[in-house]
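Enquirer: Sharing entry-v5.pdb (PDB, C-alpha atoms) below.
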ATOM      1  CA  GLN N   1      17.900   1.043 -12.880  1.00  0.00           C
ATOM      2  CA  VAL N   2      15.530  -0.137 -10.168  1.00  0.00           C
ATOM      3  CA  GLN N   3      16.750  -3.178  -8.233  1.00  0.00           C
ATOM      4  CA  LEU N   4      15.299  -5.026  -5.272  1.00  0.00           C
ATOM      5  CA  GLN N   5      17.059  -7.534  -3.030  1.00  0.00           C
ATOM      6  CA  GLU N   6      15.440  -9.559  -0.279  1.00  0.00           C
ATOM      7  CA  SER N   7      17.440 -10.681   2.735  1.00  0.00           C
ATOM      8  CA  GLY N   8      16.886 -12.449   6.024  1.00  0.00           C
ATOM      9  CA  PRO N   9      17.456 -15.707   7.882  1.00  0.00           C
ATOM     10  CA  GLY N  10      16.943 -18.785   5.779  1.00  0.00           C
ATOM     11  CA  LEU N  11      15.762 -20.847   8.731  1.00  0.00           C
ATOM     12  CA  VAL N  12      13.173 -19.922  11.355  1.00  0.00           C
ATOM     13  CA  LYS N  13      11.856 -22.106  14.174  1.00  0.00           C
ATOM     14  CA  PRO N  14       8.139 -22.821  14.514  1.00  0.00           C
ATOM     15  CA  SER N  15       6.227 -20.249  16.607  1.00  0.00           C
ATOM     16  CA  GLU N  16       8.957 -17.642  16.112  1.00  0.00           C
ATOM     17  CA  THR N  17       8.856 -14.441  14.036  1.00  0.00           C
ATOM     18  CA  LEU N  18      10.084 -14.310  10.463  1.00  0.00           C
ATOM     19  CA  SER N  19      11.766 -10.994   9.624  1.00  0.00           C
ATOM     20  CA  LEU N  20      12.764 -10.037   6.079  1.00  0.00           C
ATOM     21  CA  THR N  21      14.178  -6.909   4.496  1.00  0.00           C
ATOM     22  CA  CYS N  22      13.947  -5.681   0.923  1.00  0.00           C
ATOM     23  CA  THR N  23      16.688  -3.242  -0.058  1.00  0.00           C
ATOM     24  CA  VAL N  24      15.726  -1.009  -2.958  1.00  0.00           C
ATOM     25  CA  SER N  25      18.147   0.830  -5.222  1.00  0.00           C
ATOM     26  CA  GLY N  26      17.543   3.212  -8.091  1.00  0.00           C
ATOM     27  CA  VAL N  27      14.393   4.782  -6.676  1.00  0.00           C
ATOM     28  CA  SER N  28      13.201   6.151  -3.355  1.00  0.00           C
ATOM     29  CA  VAL N  29      10.937   3.782  -1.400  1.00  0.00           C
ATOM     30  CA  ASP N  30       8.668   6.622  -0.305  1.00  0.00           C
ATOM     31  CA  SER N  31       7.785   7.466  -3.880  1.00  0.00           C
ATOM     32  CA  HIS N  32       6.135   4.137  -4.674  1.00  0.00           C
ATOM     33  CA  PHE N  33       3.968   1.341  -3.296  1.00  0.00           C
ATOM     34  CA  TRP N  34       5.715  -1.917  -2.378  1.00  0.00           C
ATOM     35  CA  SER N  35       4.406  -5.421  -2.018  1.00  0.00           C
ATOM     36  CA  TRP N  36       5.400  -8.767  -0.529  1.00  0.00           C
ATOM     37  CA  ILE N  37       4.498 -12.035  -2.245  1.00  0.00           C
ATOM     38  CA  ARG N  38       5.446 -15.590  -1.401  1.00  0.00           C
ATOM     39  CA  GLN N  39       5.591 -18.866  -3.288  1.00  0.00           C
ATOM     40  CA  SER N  40       5.311 -22.271  -1.694  1.00  0.00           C
ATOM     41  CA  PRO N  41       4.839 -25.682  -3.286  1.00  0.00           C
ATOM     42  CA  GLY N  42       1.472 -26.216  -1.667  1.00  0.00           C
ATOM     43  CA  ARG N  43      -0.037 -22.764  -2.040  1.00  0.00           C
ATOM     44  CA  GLY N  44       1.515 -21.399  -5.243  1.00  0.00           C
ATOM     45  CA  LEU N  45       1.965 -17.638  -5.414  1.00  0.00           C
ATOM     46  CA  GLU N  46       0.287 -15.763  -2.577  1.00  0.00           C
ATOM     47  CA  TRP N  47       0.005 -12.003  -2.253  1.00  0.00           C
ATOM     48  CA  ILE N  48       0.895 -10.975   1.297  1.00  0.00           C
ATOM     49  CA  GLY N  49       0.253  -7.246   1.300  1.00  0.00           C
ATOM     50  CA  TYR N  50       1.559  -3.830   0.342  1.00  0.00           C
ATOM     51  CA  ILE N  51       2.691  -0.586   1.911  1.00  0.00           C
ATOM     52  CA  PHE N  52       1.985   2.875   0.591  1.00  0.00           C
ATOM     53  CA  TYR N  53       2.021   6.527   1.571  1.00  0.00           C
ATOM     54  CA  SER N  54       4.872   6.095   3.999  1.00  0.00           C
ATOM     55  CA  GLY N  55       3.270   3.643   6.327  1.00  0.00           C
ATOM     56  CA  SER N  56      -0.248   2.742   5.307  1.00  0.00           C
ATOM     57  CA  THR N  57      -0.660  -0.946   4.572  1.00  0.00           C
ATOM     58  CA  THR N  58      -3.152  -3.344   3.075  1.00  0.00           C
ATOM     59  CA  SER N  59      -2.792  -7.043   3.796  1.00  0.00           C
ATOM     60  CA  ASN N  60      -4.176 -10.389   2.755  1.00  0.00           C
ATOM     61  CA  PRO N  61      -6.970 -11.093   5.251  1.00  0.00           C
ATOM     62  CA  SER N  62      -5.685 -14.654   5.614  1.00  0.00           C
ATOM     63  CA  LEU N  63      -2.425 -13.313   7.072  1.00  0.00           C
ATOM     64  CA  GLU N  64      -3.458  -9.927   8.418  1.00  0.00           C
ATOM     65  CA  SER N  65      -3.331 -10.816  12.101  1.00  0.00           C
ATOM     66  CA  ARG N  66       0.260 -12.031  11.821  1.00  0.00           C
ATOM     67  CA  ILE N  67       1.986  -9.617   9.471  1.00  0.00           C
ATOM     68  CA  THR N  68       3.580  -6.213   9.735  1.00  0.00           C
ATOM     69  CA  ILE N  69       4.908  -4.391   6.693  1.00  0.00           C
ATOM     70  CA  SER N  70       6.994  -1.290   7.272  1.00  0.00           C
ATOM     71  CA  GLU N  71       9.257   1.132   5.448  1.00  0.00           C
ATOM     72  CA  ASP N  72      12.567   2.734   6.387  1.00  0.00           C
ATOM     73  CA  SER N  73      13.167   5.621   4.015  1.00  0.00           C
ATOM     74  CA  SER N  74      16.549   6.446   5.554  1.00  0.00           C
ATOM     75  CA  ARG N  75      17.832   3.009   4.523  1.00  0.00           C
ATOM     76  CA  ASN N  76      15.592   2.742   1.451  1.00  0.00           C
ATOM     77  CA  GLN N  77      14.210  -0.556   2.709  1.00  0.00           C
ATOM     78  CA  ILE N  78      10.898  -2.346   3.088  1.00  0.00           C
ATOM     79  CA  SER N  79      10.426  -4.913   5.838  1.00  0.00           C
ATOM     80  CA  LEU N  80       8.127  -7.824   6.526  1.00  0.00           C
ATOM     81  CA  LYS N  81       7.465  -9.468   9.873  1.00  0.00           C
ATOM     82  CA  LEU N  82       5.383 -12.606  10.151  1.00  0.00           C
ATOM     83  CA  THR N  83       4.666 -13.891  13.637  1.00  0.00           C
ATOM     84  CA  SER N  84       3.894 -17.375  14.964  1.00  0.00           C
ATOM     85  CA  VAL N  85       5.249 -19.147  11.908  1.00  0.00           C
ATOM     86  CA  THR N  86       4.512 -22.773  11.075  1.00  0.00           C
ATOM     87  CA  ALA N  87       5.769 -25.136   8.399  1.00  0.00           C
ATOM     88  CA  ALA N  88       3.059 -23.741   6.127  1.00  0.00           C
ATOM     89  CA  ASP N  89       4.981 -20.452   6.030  1.00  0.00           C
ATOM     90  CA  THR N  90       7.960 -22.132   4.345  1.00  0.00           C
ATOM     91  CA  ALA N  91       8.254 -20.353   1.023  1.00  0.00           C
ATOM     92  CA  VAL N  92      10.284 -18.155  -1.262  1.00  0.00           C
ATOM     93  CA  TYR N  93       9.488 -14.586  -0.274  1.00  0.00           C
ATOM     94  CA  TYR N  94       9.583 -11.827  -2.887  1.00  0.00           C
ATOM     95  CA  CYS N  95       9.320  -8.075  -2.653  1.00  0.00           C
ATOM     96  CA  ALA N  96       8.043  -6.120  -5.627  1.00  0.00           C
ATOM     97  CA  ARG N  97       7.227  -2.581  -6.679  1.00  0.00           C
ATOM     98  CA  VAL N  98       3.566  -1.864  -7.250  1.00  0.00           C
ATOM     99  CA  SER N  99       2.926   0.250 -10.296  1.00  0.00           C
ATOM    100  CA  LEU N 100      -0.292   2.211 -10.249  1.00  0.00           C
ATOM    101  CA  SER N 101      -1.601   3.683 -13.427  1.00  0.00           C
ATOM    102  CA  SER N 102      -5.139   2.846 -14.380  1.00  0.00           C
ATOM    103  CA  ALA N 103      -4.544  -0.534 -12.746  1.00  0.00           C
ATOM    104  CA  SER N 104      -2.239  -2.156 -10.224  1.00  0.00           C
ATOM    105  CA  TYR N 105       0.573  -4.473 -11.246  1.00  0.00           C
ATOM    106  CA  LEU N 106       3.957  -5.643  -9.955  1.00  0.00           C
ATOM    107  CA  ASP N 107       6.453  -4.215 -12.386  1.00  0.00           C
ATOM    108  CA  LYS N 108       9.735  -4.930 -10.653  1.00  0.00           C
ATOM    109  CA  TRP N 109      10.602  -7.879  -8.416  1.00  0.00           C
ATOM    110  CA  GLY N 110      13.525  -9.058  -6.364  1.00  0.00           C
ATOM    111  CA  PRO N 111      14.976 -12.547  -6.927  1.00  0.00           C
ATOM    112  CA  GLY N 112      13.385 -13.823  -3.725  1.00  0.00           C
ATOM    113  CA  THR N 113      14.712 -15.425  -0.578  1.00  0.00           C
ATOM    114  CA  LEU N 114      13.905 -18.910   0.664  1.00  0.00           C
ATOM    115  CA  VAL N 115      12.692 -19.198   4.225  1.00  0.00           C
ATOM    116  CA  THR N 116      12.309 -22.614   5.805  1.00  0.00           C
ATOM    117  CA  VAL N 117      10.358 -23.068   9.019  1.00  0.00           C
ATOM    118  CA  SER N 118      11.761 -26.002  10.925  1.00  0.00           C
ATOM    119  CA  SER N 119      12.994 -26.879  14.381  1.00  0.00           C
TER     120      SER N 119
ATOM    121  CA  ASP G   1     -11.444 -14.262  -2.798  1.00  0.00           C
ATOM    122  CA  ILE G   2     -11.382 -14.337  -6.601  1.00  0.00           C
ATOM    123  CA  GLN G   3     -10.155 -17.705  -7.867  1.00  0.00           C
ATOM    124  CA  MET G   4      -7.882 -17.737 -10.905  1.00  0.00           C
ATOM    125  CA  THR G   5      -7.671 -20.942 -12.937  1.00  0.00           C
ATOM    126  CA  GLN G   6      -5.024 -21.449 -15.585  1.00  0.00           C
ATOM    127  CA  SER G   7      -4.885 -24.081 -18.278  1.00  0.00           C
ATOM    128  CA  PRO G   8      -3.038 -26.101 -19.156  1.00  0.00           C
ATOM    129  CA  SER G   9      -0.988 -26.726 -16.019  1.00  0.00           C
ATOM    130  CA  SER G  10       1.927 -27.685 -18.208  1.00  0.00           C
ATOM    131  CA  LEU G  11       2.827 -27.863 -21.863  1.00  0.00           C
ATOM    132  CA  SER G  12       5.887 -28.490 -23.951  1.00  0.00           C
ATOM    133  CA  GLY G  13       7.168 -26.983 -27.135  1.00  0.00           C
ATOM    134  CA  VAL G  14      10.181 -26.274 -29.281  1.00  0.00           C
ATOM    135  CA  VAL G  15      11.775 -23.038 -30.385  1.00  0.00           C
ATOM    136  CA  GLY G  16       9.544 -21.391 -32.952  1.00  0.00           C
ATOM    137  CA  ASP G  17       6.271 -22.877 -31.694  1.00  0.00           C
ATOM    138  CA  ARG G  18       3.168 -20.822 -31.008  1.00  0.00           C
ATOM    139  CA  VAL G  19       1.615 -21.473 -27.607  1.00  0.00           C
ATOM    140  CA  THR G  20      -1.435 -20.152 -25.802  1.00  0.00           C
ATOM    141  CA  ILE G  21      -2.210 -20.170 -22.088  1.00  0.00           C
ATOM    142  CA  THR G  22      -5.631 -19.387 -20.733  1.00  0.00           C
ATOM    143  CA  CYS G  23      -6.690 -17.883 -17.422  1.00  0.00           C
ATOM    144  CA  ARG G  24     -10.211 -17.801 -16.062  1.00  0.00           C
ATOM    145  CA  ALA G  25     -11.430 -15.681 -13.145  1.00  0.00           C
ATOM    146  CA  SER G  26     -14.222 -16.789 -10.835  1.00  0.00           C
ATOM    147  CA  GLU G  27     -15.909 -13.414 -11.292  1.00  0.00           C
ATOM    148  CA  ASN G  28     -15.749 -10.389 -13.555  1.00  0.00           C
ATOM    149  CA  ILE G  29     -12.382  -8.635 -13.212  1.00  0.00           C
ATOM    150  CA  VAL G  30     -12.842  -6.350 -16.225  1.00  0.00           C
ATOM    151  CA  THR G  31      -9.253  -6.037 -17.523  1.00  0.00           C
ATOM    152  CA  TYR G  32      -7.460  -6.087 -14.157  1.00  0.00           C
ATOM    153  CA  LEU G  33      -5.327  -9.021 -15.204  1.00  0.00           C
ATOM    154  CA  ASN G  34      -1.549  -9.285 -15.307  1.00  0.00           C
ATOM    155  CA  TRP G  35       0.831 -11.970 -16.590  1.00  0.00           C
ATOM    156  CA  TYR G  36       4.242 -12.857 -15.137  1.00  0.00           C
ATOM    157  CA  ARG G  37       7.075 -15.194 -16.057  1.00  0.00           C
ATOM    158  CA  LEU G  38       9.008 -16.988 -13.320  1.00  0.00           C
ATOM    159  CA  LYS G  39      12.304 -18.814 -13.576  1.00  0.00           C
ATOM    160  CA  PRO G  40      14.016 -20.597 -10.663  1.00  0.00           C
ATOM    161  CA  GLY G  41      16.458 -18.371  -8.837  1.00  0.00           C
ATOM    162  CA  LYS G  42      15.606 -15.281 -10.885  1.00  0.00           C
ATOM    163  CA  ALA G  43      13.444 -12.258 -10.285  1.00  0.00           C
ATOM    164  CA  PRO G  44       9.958 -12.743 -11.737  1.00  0.00           C
ATOM    165  CA  GLU G  45       9.132 -10.589 -14.748  1.00  0.00           C
ATOM    166  CA  LEU G  46       5.994  -8.670 -15.606  1.00  0.00           C
ATOM    167  CA  LEU G  47       5.014  -9.448 -19.190  1.00  0.00           C
ATOM    168  CA  ILE G  48       1.534  -8.029 -19.626  1.00  0.00           C
ATOM    169  CA  TYR G  49      -0.592  -5.657 -17.539  1.00  0.00           C
ATOM    170  CA  GLU G  50      -4.231  -4.635 -17.827  1.00  0.00           C
ATOM    171  CA  ALA G  51      -4.972  -7.791 -19.822  1.00  0.00           C
ATOM    172  CA  SER G  52      -3.300  -6.733 -23.052  1.00  0.00           C
ATOM    173  CA  ARG G  53      -0.650  -4.052 -22.480  1.00  0.00           C
ATOM    174  CA  LEU G  54       2.878  -5.194 -23.217  1.00  0.00           C
ATOM    175  CA  GLN G  55       5.346  -4.190 -20.508  1.00  0.00           C
ATOM    176  CA  SER G  56       8.267  -2.114 -21.726  1.00  0.00           C
ATOM    177  CA  GLY G  57      11.179  -4.295 -22.815  1.00  0.00           C
ATOM    178  CA  VAL G  58       9.101  -7.449 -23.313  1.00  0.00           C
ATOM    179  CA  PRO G  59       9.445  -8.943 -26.805  1.00  0.00           C
ATOM    180  CA  SER G  60       6.591  -8.475 -29.242  1.00  0.00           C
ATOM    181  CA  THR G  61       6.324 -12.276 -29.518  1.00  0.00           C
ATOM    182  CA  PHE G  62       4.136 -11.944 -26.410  1.00  0.00           C
ATOM    183  CA  SER G  63       0.540 -10.842 -26.740  1.00  0.00           C
ATOM    184  CA  ALA G  64      -2.537 -11.172 -24.582  1.00  0.00           C
ATOM    185  CA  SER G  65      -6.223 -10.483 -24.667  1.00  0.00           C
ATOM    186  CA  GLY G  66      -9.441 -10.885 -22.755  1.00  0.00           C
ATOM    187  CA  SER G  67     -11.854  -9.146 -20.449  1.00  0.00           C
ATOM    188  CA  GLY G  68     -14.399 -10.093 -17.852  1.00  0.00           C
ATOM    189  CA  THR G  69     -13.532 -13.642 -16.823  1.00  0.00           C
ATOM    190  CA  ASP G  70     -11.584 -15.140 -19.728  1.00  0.00           C
ATOM    191  CA  PHE G  71      -8.056 -14.224 -20.730  1.00  0.00           C
ATOM    192  CA  THR G  72      -5.288 -15.595 -22.926  1.00  0.00           C
ATOM    193  CA  LEU G  73      -1.534 -15.185 -23.201  1.00  0.00           C
ATOM    194  CA  THR G  74       0.059 -16.101 -26.532  1.00  0.00           C
ATOM    195  CA  ILE G  75       3.697 -16.533 -27.415  1.00  0.00           C
ATOM    196  CA  THR G  76       3.840 -16.414 -31.193  1.00  0.00           C
ATOM    197  CA  SER G  77       7.337 -17.873 -31.607  1.00  0.00           C
ATOM    198  CA  LEU G  78       8.964 -19.590 -28.642  1.00  0.00           C
ATOM    199  CA  GLN G  79      12.492 -18.489 -27.810  1.00  0.00           C
ATOM    200  CA  PRO G  80      14.953 -20.344 -25.536  1.00  0.00           C
ATOM    201  CA  ASP G  81      14.349 -17.801 -22.783  1.00  0.00           C
ATOM    202  CA  ASP G  82      10.616 -18.566 -22.768  1.00  0.00           C
ATOM    203  CA  PHE G  83      10.830 -22.004 -21.139  1.00  0.00           C
ATOM    204  CA  ALA G  84       9.603 -21.030 -17.697  1.00  0.00           C
ATOM    205  CA  THR G  85       6.440 -20.922 -15.605  1.00  0.00           C
ATOM    206  CA  TYR G  86       3.726 -18.376 -16.342  1.00  0.00           C
ATOM    207  CA  TYR G  87       1.204 -16.947 -13.900  1.00  0.00           C
ATOM    208  CA  CYS G  88      -1.813 -14.754 -14.252  1.00  0.00           C
ATOM    209  CA  GLN G  89      -2.825 -12.407 -11.427  1.00  0.00           C
ATOM    210  CA  GLN G  90      -5.954 -10.370 -10.817  1.00  0.00           C
ATOM    211  CA  SER G  91      -5.741  -6.885  -9.314  1.00  0.00           C
ATOM    212  CA  SER G  92      -9.473  -6.218  -9.305  1.00  0.00           C
ATOM    213  CA  SER G  93      -9.968  -6.790  -5.602  1.00  0.00           C
ATOM    214  CA  ILE G  94      -8.071  -7.490  -2.409  1.00  0.00           C
ATOM    215  CA  PRO G  95      -6.636  -9.998  -1.843  1.00  0.00           C
ATOM    216  CA  TYR G  96      -4.867 -10.054  -5.189  1.00  0.00           C
ATOM    217  CA  THR G  97      -4.734 -13.671  -6.337  1.00  0.00           C
ATOM    218  CA  PHE G  98      -2.691 -15.677  -8.804  1.00  0.00           C
ATOM    219  CA  GLY G  99      -3.394 -18.622 -11.030  1.00  0.00           C
ATOM    220  CA  GLN G 100      -1.704 -21.901 -10.183  1.00  0.00           C
ATOM    221  CA  GLY G 101       0.828 -21.484 -12.972  1.00  0.00           C
ATOM    222  CA  THR G 102       1.547 -23.012 -16.382  1.00  0.00           C
ATOM    223  CA  ARG G 103       4.907 -24.685 -16.772  1.00  0.00           C
ATOM    224  CA  LEU G 104       6.328 -24.474 -20.279  1.00  0.00           C
ATOM    225  CA  ASP G 105       9.006 -27.084 -20.963  1.00  0.00           C
ATOM    226  CA  LEU G 106      11.261 -27.829 -23.876  1.00  0.00           C
ATOM    227  CA  LYS G 107       9.896 -30.802 -25.804  1.00  0.00           C
TER     228      LYS G 107
END
Render the structure in this file as structure tokens.
Expert:
Amino acid sequence: QVQLQESGPGLVKPSETLSLTCTVSGVSVDSHFWSWIRQSPGRGLEWIGYIFYSGSTTSNPSLESRITISEDSSRNQISLKLTSVTAADTAVYYCARVSLSSASYLDKWGPGTLVTVSS
Amino acid sequence: DIQMTQSPSSLSGVVGDRVTITCRASENIVTYLNWYRLKPGKAPELLIYEASRLQSGVPSTFSASGSGTDFTLTITSLQPDDFATYYCQQSSSIPYTFGQGTRLDLK
């Protein structure tokens, strides 16, 4: 059974870097695409980006200059780094598996982790 | 970016009701449209992919249709587990975008 679990600090100071990890069980991370999504009261659900083929990434242009998505196959984890955070980055962050058949969809999600940006 | 607009923003019902949620894309997305259900503190669930394909394990009380710019999600008989927030999402072009959500409450 595929399971995903996000983890990371719940509080980050403005201008610092937000770092999150998604631990995957039940499937190897290098056999699928993986995505990060966030949900905030003001912006709703926002797709952040995805990683595929052991390191290639595609990101939301609105965040591209600040984000890094990476994969650690030895730990079966996906990571997200978001630099220079502001209060607008306060959100619940989700990781999800991207299923690719004839279309792309997010078929398995983690429960999410709340990150608050505040001094 | 493709804008996704859902309606209504909220609705209420009782167990057994039939409800329909609509989603409109700002441009043609063919059938690259997915539906998700979100509940506080729980992992979001994929309900429908490619506009009308029921995800494995999702009850047959859920159905969906549409193509191009207009899509609908129907729950034919509300169950207690269905009171949640529903989102559509387009996967036609990057960046993938979501509707603003439809909150379904118990009347």
Enquirer: If the ChimeraX specification (/G :<12) & /N is run on the structure shown, which residues does it catch, given as a ChimeraX atom specification?
Expert: /N:3-6,35-50,58-64,92-114
Enquirer: Go ahead and compute the interatomic distance for CA of Cys88 (chain G) and CA of Asp30 (chain N), in Å to one decimal.
Expert: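 Distance reported for this atom pair: 27.6 Å.
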Enquirer: Given the file above and the PyMOL selection byres ((chain G and resi 60) around 12), which residues are selected, and can you give them as a VMD selection string?
Expert: chain G and resid 47 to 48 52 to 59 61 to 64 74 to 79
Enquirer: Given the PyMOL selection byres ((chain G and resi 20-29) around 6) and the file above, list the residues it selects as a ChimeraX atom specification.
Expert: /G:2-7,19,30-32,68-74,92
Enquirer: Generate the output file for the selected residues, C-alpha atoms, as a PDB file, in the frame of the given file.
Expert:
ATOM      1  CA  ILE G   2     -11.382 -14.337  -6.601  1.00  0.00           C
ATOM      2  CA  GLN G   3     -10.155 -17.705  -7.867  1.00  0.00           C
ATOM      3  CA  MET G   4      -7.882 -17.737 -10.905  1.00  0.00           C
ATOM      4  CA  THR G   5      -7.671 -20.942 -12.937  1.00  0.00           C
ATOM      5  CA  GLN G   6      -5.024 -21.449 -15.585  1.00  0.00           C
ATOM      6  CA  SER G   7      -4.885 -24.081 -18.278  1.00  0.00           C
ATOM      7  CA  VAL G  19       1.615 -21.473 -27.607  1.00  0.00           C
ATOM      8  CA  VAL G  30     -12.842  -6.350 -16.225  1.00  0.00           C
ATOM      9  CA  THR G  31      -9.253  -6.037 -17.523  1.00  0.00           C
ATOM     10  CA  TYR G  32      -7.460  -6.087 -14.157  1.00  0.00           C
ATOM     11  CA  GLY G  68     -14.399 -10.093 -17.852  1.00  0.00           C
ATOM     12  CA  THR G  69     -13.532 -13.642 -16.823  1.00  0.00           C
ATOM     13  CA  ASP G  70     -11.584 -15.140 -19.728  1.00  0.00           C
ATOM     14  CA  PHE G  71      -8.056 -14.224 -20.730  1.00  0.00           C
ATOM     15  CA  THR G  72      -5.288 -15.595 -22.926  1.00  0.00           C
ATOM     16  CA  LEU G  73      -1.534 -15.185 -23.201  1.00  0.00           C
ATOM     17  CA  THR G  74       0.059 -16.101 -26.532  1.00  0.00           C
ATOM     18  CA  SER G  92      -9.473  -6.218  -9.305  1.00  0.00           C
TER      19      SER G  92
END
Enquirer: How big is the axis-aligned box around the listed atoms of region 98-102 of chain G once 4 Å is added on each side, and where is its centre? Give both in Å to one decimal, as AutoDock Vina command-line options.
Expert:
--center_x -0.9 --center_y -19.3 --center_z -12.6 --size_x 12.9 --size_y 15.3 --size_z 15.6
Enquirer: Work out how far apart CA of Val2 (chain N) and CA of Val29 (chain N) are and give it in Å to one decimal.
Expert: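 Answer for the CA of Val2 (chain N) to CA of Val29 (chain N) separation: 10.6 Å.
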Enquirer: Report as a VMD selection string all protein, DNA and RNA residues lying within 10 Å of Ser15 (chain N), evaluated on only C-alpha atoms, omitting residues in the same chain fewer than 2 positions from it.
Expert: chain N and resid 12 to 13 17 to 18 83 to 87 117 to 119
Enquirer: Quick one: of N:Gly55, N:Ser25, N:Thr68, N:Gln1, who's nearest to Leu80 (chain N), counting all atoms listed in the file?
Expert: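 Going through N:Gly55, N:Ser25, N:Thr68, N:Gln1 one by one, the smallest distance to Leu80 (chain N) is for N:Thr68.
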